[in-house]
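Following: one structure in structure tokens, then a few remarks.
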Amino acid sequence: MNVFDELVGQQHIVKSLQDAVTASRTGEETQEMTHAWLFTGPPGSGRSSAAVAFAAALICPNNGCGTCIDCRTAMAGGHADVEIIRTEGLSIKIDEVRELLQRVAWSPSVGGWRVVVMEDADRLTESAANAMLKAIEEPGSRTVWLLCAPTLHDVLPTIRSRCRHLQLRTPSTDAVAEVLTRRYDISPGMADFAARVSQGHIGRARHLATDESIRGRRNTIMKLPLTITDIASAFKAAATLVELATEEANTQSEARDEKESQELAQAWGQGATGRGMATGGSKALKELEKEQKSRATRMVRDSLDGALLDIATLYRDVMMVQATNATNGTQQTNSANSAGAITQSAADSPIQSLINKELAGEIAALADRLPPHATVEKINAIMKARTNLSFNAAPLLTIEALMCALA
Ligand SMILES: [Zn+2]
């Protein structure tokens, strides 16, 4: 057992991390060990899991055994020497970085290192990044910075030039399915389905595999494009999609909002003196509510974006079937007699490579009905809707326009 066992499909970086842990025992800056690391990779590839595992290994007396108290508390986010910065807001501001720098200025409490994991280094403002830069460059520092971002270009050049870069990969469907069965005891059939439709996103795969309501919502959303016959049904499909995405986002945010509000009220003395909150408490609560509202809006957009990506996989499958049909058609005319058996096996293969195997019948029917160029246009329409949503276009209007394009 080892903390790095938990990383899925990232064997290519594990050796660098283990070498760094071994080198770090000398306490010197060596070729293998450095003070600043940057983990990049697509969403769901496990950037922060990799960073947290590395943090645990650095402070563990056994190089990341995964079982000792240091490893376990570090992985759970409760170790005194491991600070995990997760951002809810759109940016990490200079005040937050200054506060962080004060906290990590003390020497480590147990081991040789103090580790900061910053999950969204791409959200650092320029001034915040510059404040952090000084700390990263401080000679003799016992703090190790583990920054995470989607790509290298999302991080300011001043920061990324000081970091050792590690690129994570999108794990394969098989690797994700294997983890789901081994770690979460999910049946192989369900694990295969969840891994396949989540396209290497481990978190999404796990939610799909373990939550029936999420599966139900996805199932309804995937069938929406198939129900559109005219303008009226397009508008209806749009309304359903927005409703389902909102529902999904709300279930996620409501519980969190309430917990945050309660914690804040307690911090301002509610319940402790029996007299309600201290002065300033209600103002702080109002500010929190404002933040929660903007976060909720963003979560609806994220959830809509996820739904659109799912729908795009449907048309990707249609395109795949059309391409295979076209190839088989050519083969058949070229060698109608001799290659019959080969054509047959090639015709079976698109089902194997479909993301949405469960909808194979519907996909085949769509592939027959649509001219290939129309399939491409529909995928483009979905991507355009995603772009518009990311620029704050009104969700319902955007989806209505999209559904009309998909009709
Ligand atoms: Zn350990």
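Ligands are numbered from 1 in the order shown, chains are lettered A, B, ... in the order of the structure tokens, and residues start at 1 in each chain.
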
Within 9 Å of ligand 1 (only C-alpha atoms and all ligand atoms), residues as a PDB file with C-alpha atoms, in the first residue's frame:
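Result file follows (pocket_1.pdb):
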ATOM      1  CA  ASN A   2       1.289   3.383  -0.999  1.00  0.00           C
ATOM      2  CA  VAL A   3      -0.279   6.839  -1.437  1.00  0.00           C
ATOM      3  CA  ALA A  56       1.423  13.049   2.130  1.00  0.00           C
ATOM      4  CA  ALA A  57       4.543  11.217   0.915  1.00  0.00           C
ATOM      5  CA  ILE A  59       5.585  14.412   5.354  1.00  0.00           C
ATOM      6  CA  CYS A  60       5.197  10.661   5.945  1.00  0.00           C
ATOM      7  CA  PRO A  61       8.124   9.067   7.844  1.00  0.00           C
ATOM      8  CA  ASN A  62       7.844   6.053   5.491  1.00  0.00           C
ATOM      9  CA  ASN A  63       7.818   7.907   2.141  1.00  0.00           C
ATOM     10  CA  GLY A  64       4.049   7.762   1.726  1.00  0.00           C
ATOM     11  CA  CYS A  65       2.969   4.458   3.252  1.00  0.00           C
ATOM     12  CA  GLY A  66      -0.686   5.505   3.056  1.00  0.00           C
ATOM     13  CA  THR A  67      -1.502   3.964   6.434  1.00  0.00           C
ATOM     14  CA  CYS A  68       0.259   6.056   9.107  1.00  0.00           C
ATOM     15  CA  ILE A  69      -1.427   8.942  10.885  1.00  0.00           C
ATOM     16  CA  ASP A  70       0.530  11.550   8.882  1.00  0.00           C
ATOM     17  CA  CYS A  71      -0.534  10.053   5.558  1.00  0.00           C
ATOM     18  CA  ARG A  72      -4.150   9.671   6.579  1.00  0.00           C
TER      19      ARG A  72
END

DSSP on the backbone: what in segment 163-382 of chain A comes out alpha helix (DSSP H), as a PDB file with C-alpha atoms, in the first residue's frame?
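Resulting contents of selection_29.pdb:
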ATOM      1  CA  THR A 173     -11.877   3.810 -19.658  1.00  0.00           C
ATOM      2  CA  ASP A 174     -10.473   0.490 -18.442  1.00  0.00           C
ATOM      3  CA  ALA A 175      -8.353   2.159 -15.746  1.00  0.00           C
ATOM      4  CA  VAL A 176     -11.347   4.133 -14.449  1.00  0.00           C
ATOM      5  CA  ALA A 177     -13.607   1.061 -14.498  1.00  0.00           C
ATOM      6  CA  GLU A 178     -10.977  -0.926 -12.619  1.00  0.00           C
ATOM      7  CA  VAL A 179     -10.773   1.704  -9.870  1.00  0.00           C
ATOM      8  CA  LEU A 180     -14.547   1.868  -9.554  1.00  0.00           C
ATOM      9  CA  THR A 181     -14.800  -1.883  -8.979  1.00  0.00           C
ATOM     10  CA  ARG A 182     -11.750  -2.168  -6.730  1.00  0.00           C
ATOM     11  CA  ARG A 183     -12.086   0.945  -4.616  1.00  0.00           C
ATOM     12  CA  TYR A 184     -15.832   1.503  -4.483  1.00  0.00           C
ATOM     13  CA  PRO A 188     -18.181  -4.565 -13.421  1.00  0.00           C
ATOM     14  CA  GLY A 189     -21.127  -3.826 -15.730  1.00  0.00           C
ATOM     15  CA  MET A 190     -21.984  -0.581 -13.972  1.00  0.00           C
ATOM     16  CA  ALA A 191     -18.301   0.389 -13.740  1.00  0.00           C
ATOM     17  CA  ASP A 192     -17.870  -0.128 -17.480  1.00  0.00           C
ATOM     18  CA  PHE A 193     -20.921   2.007 -18.263  1.00  0.00           C
ATOM     19  CA  ALA A 194     -19.936   4.842 -15.887  1.00  0.00           C
ATOM     20  CA  ALA A 195     -16.291   4.890 -17.018  1.00  0.00           C
ATOM     21  CA  ARG A 196     -17.254   4.864 -20.691  1.00  0.00           C
ATOM     22  CA  VAL A 197     -19.761   7.710 -20.599  1.00  0.00           C
ATOM     23  CA  SER A 198     -17.625   9.829 -18.235  1.00  0.00           C
ATOM     24  CA  ILE A 202     -13.105   9.698 -12.338  1.00  0.00           C
ATOM     25  CA  GLY A 203     -15.272  11.880 -10.093  1.00  0.00           C
ATOM     26  CA  ARG A 204     -18.131  11.962 -12.572  1.00  0.00           C
ATOM     27  CA  ALA A 205     -17.834   8.235 -13.176  1.00  0.00           C
ATOM     28  CA  ARG A 206     -18.125   7.537  -9.465  1.00  0.00           C
ATOM     29  CA  HIS A 207     -21.161   9.788  -9.043  1.00  0.00           C
ATOM     30  CA  LEU A 208     -22.897   8.172 -11.999  1.00  0.00           C
ATOM     31  CA  ALA A 209     -22.146   4.678 -10.754  1.00  0.00           C
ATOM     32  CA  THR A 210     -23.334   5.315  -7.216  1.00  0.00           C
ATOM     33  CA  GLU A 212     -29.349   6.488  -9.388  1.00  0.00           C
ATOM     34  CA  SER A 213     -30.903   9.958  -9.673  1.00  0.00           C
ATOM     35  CA  ILE A 214     -27.842  11.256 -11.565  1.00  0.00           C
ATOM     36  CA  ARG A 215     -28.076   8.272 -13.915  1.00  0.00           C
ATOM     37  CA  GLY A 216     -31.770   8.924 -14.425  1.00  0.00           C
ATOM     38  CA  ARG A 217     -31.157  12.582 -15.272  1.00  0.00           C
ATOM     39  CA  ARG A 218     -28.407  11.685 -17.720  1.00  0.00           C
ATOM     40  CA  ASN A 219     -30.622   9.123 -19.385  1.00  0.00           C
ATOM     41  CA  THR A 220     -33.407  11.681 -19.877  1.00  0.00           C
ATOM     42  CA  ILE A 221     -30.970  14.302 -21.194  1.00  0.00           C
ATOM     43  CA  MET A 222     -29.400  11.914 -23.717  1.00  0.00           C
ATOM     44  CA  LYS A 223     -32.798  11.101 -25.178  1.00  0.00           C
ATOM     45  CA  LEU A 224     -33.883  14.752 -25.499  1.00  0.00           C
ATOM     46  CA  PRO A 225     -32.383  15.331 -28.978  1.00  0.00           C
ATOM     47  CA  LEU A 226     -34.217  12.211 -30.172  1.00  0.00           C
ATOM     48  CA  THR A 227     -37.591  13.665 -29.162  1.00  0.00           C
ATOM     49  CA  ILE A 231     -40.195  23.858 -33.009  1.00  0.00           C
ATOM     50  CA  ALA A 232     -42.643  23.134 -30.189  1.00  0.00           C
ATOM     51  CA  SER A 233     -40.848  19.948 -29.155  1.00  0.00           C
ATOM     52  CA  ALA A 234     -37.480  21.744 -29.436  1.00  0.00           C
ATOM     53  CA  PHE A 235     -38.642  24.382 -26.929  1.00  0.00           C
ATOM     54  CA  LYS A 236     -39.976  21.689 -24.659  1.00  0.00           C
ATOM     55  CA  ALA A 237     -36.676  19.785 -24.786  1.00  0.00           C
ATOM     56  CA  ALA A 238     -34.794  23.007 -23.980  1.00  0.00           C
ATOM     57  CA  ALA A 239     -36.997  23.686 -20.956  1.00  0.00           C
ATOM     58  CA  THR A 240     -36.481  20.115 -19.691  1.00  0.00           C
ATOM     59  CA  LEU A 241     -32.709  20.313 -20.129  1.00  0.00           C
ATOM     60  CA  VAL A 242     -32.409  23.605 -18.228  1.00  0.00           C
ATOM     61  CA  GLU A 243     -34.695  22.286 -15.504  1.00  0.00           C
ATOM     62  CA  LEU A 244     -32.668  19.095 -15.031  1.00  0.00           C
ATOM     63  CA  ALA A 245     -29.343  20.946 -15.011  1.00  0.00           C
ATOM     64  CA  THR A 246     -30.690  23.408 -12.435  1.00  0.00           C
ATOM     65  CA  GLU A 247     -31.991  20.574 -10.299  1.00  0.00           C
ATOM     66  CA  GLU A 248     -28.609  18.853 -10.366  1.00  0.00           C
ATOM     67  CA  ALA A 249     -26.742  22.049  -9.469  1.00  0.00           C
ATOM     68  CA  ASN A 250     -29.184  22.885  -6.674  1.00  0.00           C
ATOM     69  CA  THR A 251     -28.928  19.518  -4.950  1.00  0.00           C
ATOM     70  CA  GLN A 252     -25.181  20.055  -4.840  1.00  0.00           C
ATOM     71  CA  SER A 253     -25.225  23.617  -3.568  1.00  0.00           C
ATOM     72  CA  GLU A 254     -28.109  23.654  -1.084  1.00  0.00           C
ATOM     73  CA  ALA A 255     -26.535  21.405   1.528  1.00  0.00           C
ATOM     74  CA  ARG A 256     -23.235  23.261   1.226  1.00  0.00           C
ATOM     75  CA  ASP A 257     -24.851  26.710   1.461  1.00  0.00           C
ATOM     76  CA  GLU A 258     -26.667  25.814   4.635  1.00  0.00           C
ATOM     77  CA  LYS A 259     -23.591  24.369   6.310  1.00  0.00           C
ATOM     78  CA  GLU A 260     -21.550  27.474   5.424  1.00  0.00           C
ATOM     79  CA  SER A 261     -24.209  29.860   6.739  1.00  0.00           C
ATOM     80  CA  GLN A 262     -24.460  27.940   9.995  1.00  0.00           C
ATOM     81  CA  GLU A 263     -20.702  27.911  10.462  1.00  0.00           C
ATOM     82  CA  LEU A 264     -20.456  31.617   9.784  1.00  0.00           C
ATOM     83  CA  ALA A 265     -23.288  32.417  12.207  1.00  0.00           C
ATOM     84  CA  GLN A 266     -21.549  30.340  14.876  1.00  0.00           C
ATOM     85  CA  ALA A 267     -18.261  32.098  14.201  1.00  0.00           C
ATOM     86  CA  GLY A 281     -22.424  39.193  11.827  1.00  0.00           C
ATOM     87  CA  SER A 282     -25.482  39.905   9.750  1.00  0.00           C
ATOM     88  CA  LYS A 283     -23.422  41.929   7.274  1.00  0.00           C
ATOM     89  CA  ALA A 284     -21.019  39.007   6.900  1.00  0.00           C
ATOM     90  CA  LEU A 285     -23.956  36.646   6.413  1.00  0.00           C
ATOM     91  CA  LYS A 286     -25.400  38.868   3.683  1.00  0.00           C
ATOM     92  CA  GLU A 287     -22.048  38.864   1.896  1.00  0.00           C
ATOM     93  CA  LEU A 288     -21.873  35.103   2.130  1.00  0.00           C
ATOM     94  CA  GLU A 289     -25.374  34.818   0.661  1.00  0.00           C
ATOM     95  CA  LYS A 290     -24.331  36.998  -2.242  1.00  0.00           C
ATOM     96  CA  GLU A 291     -21.313  34.787  -2.904  1.00  0.00           C
ATOM     97  CA  GLN A 292     -23.455  31.665  -2.645  1.00  0.00           C
ATOM     98  CA  LYS A 293     -25.879  33.078  -5.175  1.00  0.00           C
ATOM     99  CA  SER A 294     -23.166  33.756  -7.738  1.00  0.00           C
ATOM    100  CA  ARG A 295     -21.715  30.322  -7.101  1.00  0.00           C
ATOM    101  CA  ALA A 296     -25.150  28.732  -7.637  1.00  0.00           C
ATOM    102  CA  THR A 297     -25.454  30.512 -10.995  1.00  0.00           C
ATOM    103  CA  ARG A 298     -22.051  29.224 -11.983  1.00  0.00           C
ATOM    104  CA  MET A 299     -22.927  25.693 -10.906  1.00  0.00           C
ATOM    105  CA  VAL A 300     -26.041  25.721 -13.101  1.00  0.00           C
ATOM    106  CA  ARG A 301     -23.854  26.771 -16.023  1.00  0.00           C
ATOM    107  CA  ASP A 302     -21.308  24.038 -15.230  1.00  0.00           C
ATOM    108  CA  SER A 303     -24.042  21.468 -14.995  1.00  0.00           C
ATOM    109  CA  LEU A 304     -25.542  22.623 -18.332  1.00  0.00           C
ATOM    110  CA  ASP A 305     -22.094  22.452 -19.871  1.00  0.00           C
ATOM    111  CA  GLY A 306     -21.703  18.867 -18.647  1.00  0.00           C
ATOM    112  CA  ALA A 307     -25.092  17.980 -20.179  1.00  0.00           C
ATOM    113  CA  LEU A 308     -24.071  19.520 -23.515  1.00  0.00           C
ATOM    114  CA  LEU A 309     -20.829  17.544 -23.503  1.00  0.00           C
ATOM    115  CA  ASP A 310     -22.883  14.401 -22.902  1.00  0.00           C
ATOM    116  CA  ILE A 311     -25.196  15.215 -25.814  1.00  0.00           C
ATOM    117  CA  ALA A 312     -22.153  15.866 -27.994  1.00  0.00           C
ATOM    118  CA  THR A 313     -21.013  12.274 -27.370  1.00  0.00           C
ATOM    119  CA  LEU A 314     -24.306  11.104 -28.915  1.00  0.00           C
ATOM    120  CA  TYR A 315     -23.492  12.873 -32.179  1.00  0.00           C
ATOM    121  CA  ARG A 316     -19.890  11.739 -31.952  1.00  0.00           C
ATOM    122  CA  ASP A 317     -21.266   8.188 -31.930  1.00  0.00           C
ATOM    123  CA  VAL A 318     -23.528   8.956 -34.894  1.00  0.00           C
ATOM    124  CA  MET A 319     -20.500  10.283 -36.784  1.00  0.00           C
ATOM    125  CA  MET A 320     -18.582   7.113 -35.959  1.00  0.00           C
ATOM    126  CA  VAL A 321     -21.352   4.874 -37.303  1.00  0.00           C
ATOM    127  CA  GLN A 322     -21.635   6.994 -40.455  1.00  0.00           C
ATOM    128  CA  ALA A 323     -17.890   6.775 -41.037  1.00  0.00           C
ATOM    129  CA  THR A 324     -17.937   2.995 -40.615  1.00  0.00           C
ATOM    130  CA  ASN A 325     -20.956   2.648 -42.910  1.00  0.00           C
ATOM    131  CA  ALA A 326     -19.195   4.723 -45.557  1.00  0.00           C
ATOM    132  CA  THR A 327     -16.041   2.573 -45.350  1.00  0.00           C
ATOM    133  CA  ASN A 328     -18.048  -0.648 -45.503  1.00  0.00           C
ATOM    134  CA  GLY A 329     -20.015   0.664 -48.477  1.00  0.00           C
ATOM    135  CA  THR A 330     -16.779   1.252 -50.401  1.00  0.00           C
ATOM    136  CA  GLN A 331     -15.420  -2.142 -49.455  1.00  0.00           C
ATOM    137  CA  GLN A 332     -18.584  -3.825 -50.558  1.00  0.00           C
ATOM    138  CA  THR A 333     -18.531  -2.314 -54.045  1.00  0.00           C
ATOM    139  CA  ASN A 334     -14.801  -2.926 -54.444  1.00  0.00           C
ATOM    140  CA  GLY A 340     -17.745 -10.531 -47.339  1.00  0.00           C
ATOM    141  CA  ALA A 341     -16.495 -11.867 -44.020  1.00  0.00           C
ATOM    142  CA  ILE A 342     -14.235  -8.857 -43.347  1.00  0.00           C
ATOM    143  CA  THR A 343     -17.036  -6.419 -44.117  1.00  0.00           C
ATOM    144  CA  GLN A 344     -19.245  -8.275 -41.703  1.00  0.00           C
ATOM    145  CA  SER A 345     -16.793  -8.009 -38.794  1.00  0.00           C
ATOM    146  CA  ALA A 346     -16.083  -4.345 -39.554  1.00  0.00           C
ATOM    147  CA  ALA A 347     -19.804  -3.640 -39.443  1.00  0.00           C
ATOM    148  CA  ASP A 348     -19.964  -5.072 -35.917  1.00  0.00           C
ATOM    149  CA  SER A 349     -17.117  -2.964 -34.602  1.00  0.00           C
ATOM    150  CA  PRO A 350     -18.770   0.493 -34.312  1.00  0.00           C
ATOM    151  CA  ILE A 351     -20.954  -0.806 -31.466  1.00  0.00           C
ATOM    152  CA  GLN A 352     -17.786  -1.720 -29.558  1.00  0.00           C
ATOM    153  CA  SER A 353     -16.391   1.785 -29.898  1.00  0.00           C
ATOM    154  CA  ALA A 360     -26.977   1.830 -30.203  1.00  0.00           C
ATOM    155  CA  GLY A 361     -30.376   1.422 -31.901  1.00  0.00           C
ATOM    156  CA  GLU A 362     -31.254   5.115 -31.731  1.00  0.00           C
ATOM    157  CA  ILE A 363     -27.764   6.059 -32.884  1.00  0.00           C
ATOM    158  CA  ALA A 364     -27.950   3.733 -35.900  1.00  0.00           C
ATOM    159  CA  ALA A 365     -31.342   5.208 -36.855  1.00  0.00           C
ATOM    160  CA  LEU A 366     -29.988   8.769 -36.577  1.00  0.00           C
ATOM    161  CA  ALA A 367     -26.939   7.791 -38.629  1.00  0.00           C
ATOM    162  CA  ASP A 368     -29.255   6.578 -41.408  1.00  0.00           C
ATOM    163  CA  ARG A 369     -31.474   9.635 -41.300  1.00  0.00           C
ATOM    164  CA  PRO A 372     -22.955  13.202 -42.533  1.00  0.00           C
ATOM    165  CA  HIS A 373     -22.388  16.957 -42.937  1.00  0.00           C
ATOM    166  CA  ALA A 374     -25.475  17.610 -40.779  1.00  0.00           C
ATOM    167  CA  THR A 375     -23.939  15.549 -37.950  1.00  0.00           C
ATOM    168  CA  VAL A 376     -20.869  17.788 -38.004  1.00  0.00           C
ATOM    169  CA  GLU A 377     -23.087  20.897 -38.017  1.00  0.00           C
ATOM    170  CA  LYS A 378     -24.948  19.639 -34.959  1.00  0.00           C
ATOM    171  CA  ILE A 379     -21.719  19.029 -33.048  1.00  0.00           C
ATOM    172  CA  ASN A 380     -20.619  22.550 -34.008  1.00  0.00           C
ATOM    173  CA  ALA A 381     -23.944  23.928 -32.772  1.00  0.00           C
ATOM    174  CA  ILE A 382     -23.396  22.232 -29.395  1.00  0.00           C
TER     175      ILE A 382
END

Would you return as a PyMOL selection string the members of segment 120-291 of chain A that DSSP assigns to strand (DSSP E or B) on this structure's backbone? chain A and resi 124+143-149+164-167

Go ahead and save the picked residues with C-alpha atoms, as a PDB file, in the first residue's frame.
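Below you can see again-v1.pdb, which holds the result:
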ATOM      1  CA  LEU A 124      -4.455  33.582  -8.947  1.00  0.00           C
ATOM      2  CA  THR A 143       7.731  25.082   2.321  1.00  0.00           C
ATOM      3  CA  VAL A 144       6.933  23.081  -0.808  1.00  0.00           C
ATOM      4  CA  TRP A 145       4.381  24.540  -3.226  1.00  0.00           C
ATOM      5  CA  LEU A 146       2.218  22.143  -5.229  1.00  0.00           C
ATOM      6  CA  LEU A 147       0.144  24.082  -7.735  1.00  0.00           C
ATOM      7  CA  CYS A 148      -2.583  22.628  -9.939  1.00  0.00           C
ATOM      8  CA  ALA A 149      -4.075  24.009 -13.150  1.00  0.00           C
ATOM      9  CA  ARG A 164       8.757  21.772 -12.144  1.00  0.00           C
ATOM     10  CA  HIS A 165       5.968  20.736 -14.471  1.00  0.00           C
ATOM     11  CA  LEU A 166       4.138  17.388 -14.351  1.00  0.00           C
ATOM     12  CA  GLN A 167       1.502  16.617 -16.965  1.00  0.00           C
TER      13      GLN A 167
END

Kindly indicate which residue among A:Ala55, A:Leu152, A:Ile92, A:Ile186 lies nearest to Val21 of chain A, using only C-alpha atoms for the distances. A:Ala55
